[in-house]
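The structure appears below as structure tokens.
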Amino acid sequence: MSASSNNIAAPAPPEGKPLVTPRQLTLVCVVLLALAWGFLPEFTVSVLSNIGLYALVAAGLVMLTGVGGMTSFGQAAFVGMGAYATAWICTSPTAAAWLGGIVAPGLLPWAGLLLGLLFTFVLAWMLGAVTLKLSGHYLPLCTIAWGLSLYYLLGNMDFLGGQTGITGVPPLVIAGVSLATPRALGVVIWAVLLLALWALHNLLDSREGRAIRALKGGRLMAESMGVDTARHRIKLFVLAALLAAVSGWLYAHLQRFVNPTPFNLNIGIELLFMAVVGGAGHLWGAVLGAALITLLKEKLQDILPSLLGSSGNFEVIVFGLLMLFVLQRFSDGLWPTLARITRRWVREDSTAKASTAAAPAKALTVQLAQRTLPATGELLLQASNVSKRFGGLVANNEISMTLKAGEIHALIGPNGAGKSTFFNMISGVDDPTSGEVKLAGQPMAAKPSRAFAALGLGRTFQHVRLLGQRSVVENVALGAHLRAKRGWLAAMLRLDRAEEAALMAEARKQIERCGLGAHADTPAASLSLGQQRVVEIARALAGQPSVLLLDEPAAGLRHLEKRALSVLLSQLRAEGLGILVVEHDMEFVMNLADRITVLEFGTVIATGTPAEVQANPRVLEAYLGGADDELLEDAR
Ligand code: ADP
Ligand code: MG
């Protein structure tokens with residue numbers, strides 16, 4: 001009986017009851033590895049230790065590249081940094097002279113770790129500050145540049161032994177036990193790796209984790225949610241570098257000598273292979289990738305020379321081809337494919353998920369920051385003579401308008417009239433060429449959009465910007481980013497659980513309110529485009545805004561959904577929000593808006609109540625006389 005044809009005979013586990021959860025499986029694997037560790041052959045232990053070291057660096061790269069969307073070829077240089085720091089401290093007479101009185105010889109490796117981390121931290125922060133501003137291909141190119149520089153630096157410094165490196169690195173001693181063999185140190189390596197994976201998983205499953213994921217969705221969206229993207233990018237870069245440095249530290253005490261070779265660009269590329277082949281956005285993919293590439297390298301180094309009759313670095317060529325193949329066939333790496341194949345047996349228990357959904361309701365010990373909404377009629381947003389030029393094109397021409405608390409103000413006009421451009425002007429995405437924008441009474445010139453978000457401006461985008469692979473509730477929780485404050489360390493150590501529960505509860509509340517309760521746990525991308533627009537509204541509401549900017553919220557909605565949206569917006573107005581909406585559906589606009597401003601070719605041609613605007617001859621001409629017969633179409 002072939003494995004593929006016995007679907008009926010095999011007793012399939014019922015939906016929602018997998019054999020094991022990923023957590024249980026991880027635990028079983030770890031226990032098995034621990035039990036077997038003492039009995040595995042020397043060579044296997046050594047290979048496993050190397051896999052652990054590589055996986056530690058690859059995990060950082062998964063965070064940086066797969067999750068954060070930044071590619072680094074230079075990670076091996078940070079490994080070298082960690083390795084050389086400890087090798088130098090442990091062997092150099094100069095270091096001994098400095099530290100001799102203070103640090104006992106057995107503690108020197110720990111001083112080395114500290115120095116390596118400190119050095120890497122400073123260097124990575126500086127490199128990050130300079131290079132992470134680059135976009136597109138420039139960032140990867142730049143990482144190649146400093147990867148090479150650091151490698152040559154290590155090899156050319158006399159006090160670091162030049163190309164020969166440093167020998168005589170002592171073993172690590174923990175609690176009086178000398179970890180001189182791979183079997184002993186391997187335990188530490190894997191313990192550190194598992195601890196790092198645990199912490200990184202925690203980080204991803206948190207407020208800051210959502211912010212990190214949002215980096216990949218484009219800076220525009222993340223910044224509008226209040227995320228300081230530049231800072232998050234640097235922090236992520238530093239985190240990945242520190243993991244690499246820890247790996248280097250362990251490596252130095254495993255090998256007991258260091259030279260520049262293992263830290264060159266080749267290895268940097270190999271490390272990136274591991275992260276990408278394993279699973280660009282999946283932490284366990286780092287372990288899978290490290291294992292695959294390490295084992296493959298061992299095998300290829302054995303087989304290729306005998307196959308080709310001469311020795312050389314042929315495995316690099318095979319790696320290149322392999323990379324091409326994997327990226328072609330499995331653009332997300334191998335981990336998601338593995339997860340798909342084993343989904344039948346290994347899956348999150350859906351009953352467990354339901355219980356986490358219910359949990360926040362009973363354990364709300366932390367309050368999210370609350371904003372006191374302004375009184376109805378208070379001036380929220382004021383644009384005075386705002387102009388925006390793109391070269392010779394005047395997209396916005398001296399536009400002045402106001403938005404008050406408790407009103408719905410519609411901005412209409414034919415395609416290309418400048419509505420979205422104006423939205424960008426009043427939400428900090430782009431700076432006006434001239435004119436002034438005031439939010440909550442404050443002049444906002446040259447302020448980033450996260451400053452607008454902090455002052456209570458929530459928005460949606462004409463082209464939906466959601467993290468499609470993440471659940472609706474995660475997407476919406478990102479909107480409440482600024483209402484919570486626990487940072488990276490708290491998240492890694494799971495000290496943020498109460499706050500996280502409050503965030504999730506808030507997200508679910510807004511999702512319910514927007515009528516998407518049934519879809520809270522589905523990936524956002526699986527919703528219809530119209531529903532995705534509503535998810536964006538829920539995300540904006542999670543930030544408890546006083547100003548809401550909606551760019552074509554009703555596009556793609558069906559009739560009943562439009563009516564529900566109308567009801568929701570009316571409710572929000574009654575609560576005192578000021579809502580500025582761009583919309584093409586005239587029936588929707590005319591029934592809902594208190595005031596309407598009409599744009600044509602970037603200029604305001606009319607403003608007033610729906611009745612006034614509808615009777616305005618210039619508006620009629622703009623709509624009926626032009627190519628965009630939207631009023632006419634809606635009248636039919
Ligand atoms: P609307 O949202 O009303 O359809 P937009 O604000 O998107 O109109 O566009 C107004 C005009 O500005 C259009 O002619 C558009 O081509 C132009 N435009 C918008 N953004 C840019 C940009 N970043 N660079 C150059 N021209 C732009
Ligand atoms: Mg537009």
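If you're wondering about the labels, chains in the structure tokens are A, B, ... by order shown, residues count from 1 in each chain, ligands from 1 in order shown.
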
Write out, as CSV, each residue of chain A that has an atom at most 9 Å from ligand 1, together with the closest pair of atoms and their distance in Å to one decimal, counting only C-alpha atoms and all ligand atoms, rows going by chain and rising number.
residue,atom,partner,partner_atom_place_in_ligand_line,distance
A:Lys388,CA,ligand 1,12 (O),8.7
A:Arg389,CA,ligand 1,26 (N),8.0
A:Phe390,CA,ligand 1,25 (C),4.8
A:Gly391,CA,ligand 1,25 (C),7.4
A:Leu393,CA,ligand 1,12 (O),6.9
A:Val394,CA,ligand 1,12 (O),7.2
A:Ala395,CA,ligand 1,12 (O),4.4
A:Asn396,CA,ligand 1,10 (C),7.5
A:Ile412,CA,ligand 1,3 (O),7.8
A:Gly413,CA,ligand 1,3 (O),6.3
A:Pro414,CA,ligand 1,3 (O),6.3
A:Asn415,CA,ligand 1,4 (O),3.8
A:Gly416,CA,ligand 1,8 (O),3.4
A:Ala417,CA,ligand 1,3 (O),3.9
A:Gly418,CA,ligand 1,6 (O),3.2
A:Lys419,CA,ligand 1,3 (O),3.6
A:Ser420,CA,ligand 1,2 (O),3.7
A:Thr421,CA,ligand 1,6 (O),3.6
A:Phe422,CA,ligand 1,6 (O),6.4
A:Phe423,CA,ligand 1,6 (O),7.9
A:Asn424,CA,ligand 1,6 (O),8.4
A:Gln462,CA,ligand 1,2 (O),8.2
A:Asp551,CA,ligand 1,2 (O),8.3
A:Val582,CA,ligand 1,2 (O),8.2
A:Leu599,CA,ligand 1,3 (O),7.8
A:Glu600,CA,ligand 1,3 (O),8.3
A:Phe601,CA,ligand 1,10 (C),7.6
A:Gly602,CA,ligand 1,10 (C),7.0

Exercise for review: For Glu208 in chain A, work out the shell of residues within 10 Å, counting only C-alpha atoms and skipping chain neighbours fewer than 5 positions away, then give it as JSON, numbers by chain.
Suggested key: {"A": [202, 203, 213, 214, 227, 232, 478, 481, 484, 485, 486, 487, 488, 489, 490, 491, 492]}

Point to revise | Residue neighbourhood Ala375 in chain A, 12 Å, only C-alpha atoms, exclusion window fewer than 4 positions, as a ChimeraX atom specification | key: /A:379-380,404-407,440,546,573-578

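Using only C-alpha atoms for every distance, the candidate list A:Ile234, A:Leu195, A:Leu153, A:Leu243 yields A:Leu153 as the residue closest to Asn264 in chain A.
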
Practice item. Tell me which of A:Ile596, A:Ala538, A:Ala191, A:Leu64 sits closest to Val238 in chain A, counting only C-alpha atoms. Key: A:Leu64

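Taking only C-alpha atoms and all ligand atoms into account, ligand 2 lies nearest to A:Pro553 out of the set A:Pro22, A:Pro448, A:Pro171, A:Pro553.
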
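In this structure, CA of Leu160 in chain A sits 6.8 Å away from CA of Trp88 in chain A.
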
Check your understanding: For ligand 2, which residue out of A:Glu536, A:Glu348, A:Glu552, A:Glu378 is the nearest one, using only C-alpha atoms and all ligand atoms?
Key -> A:Glu552
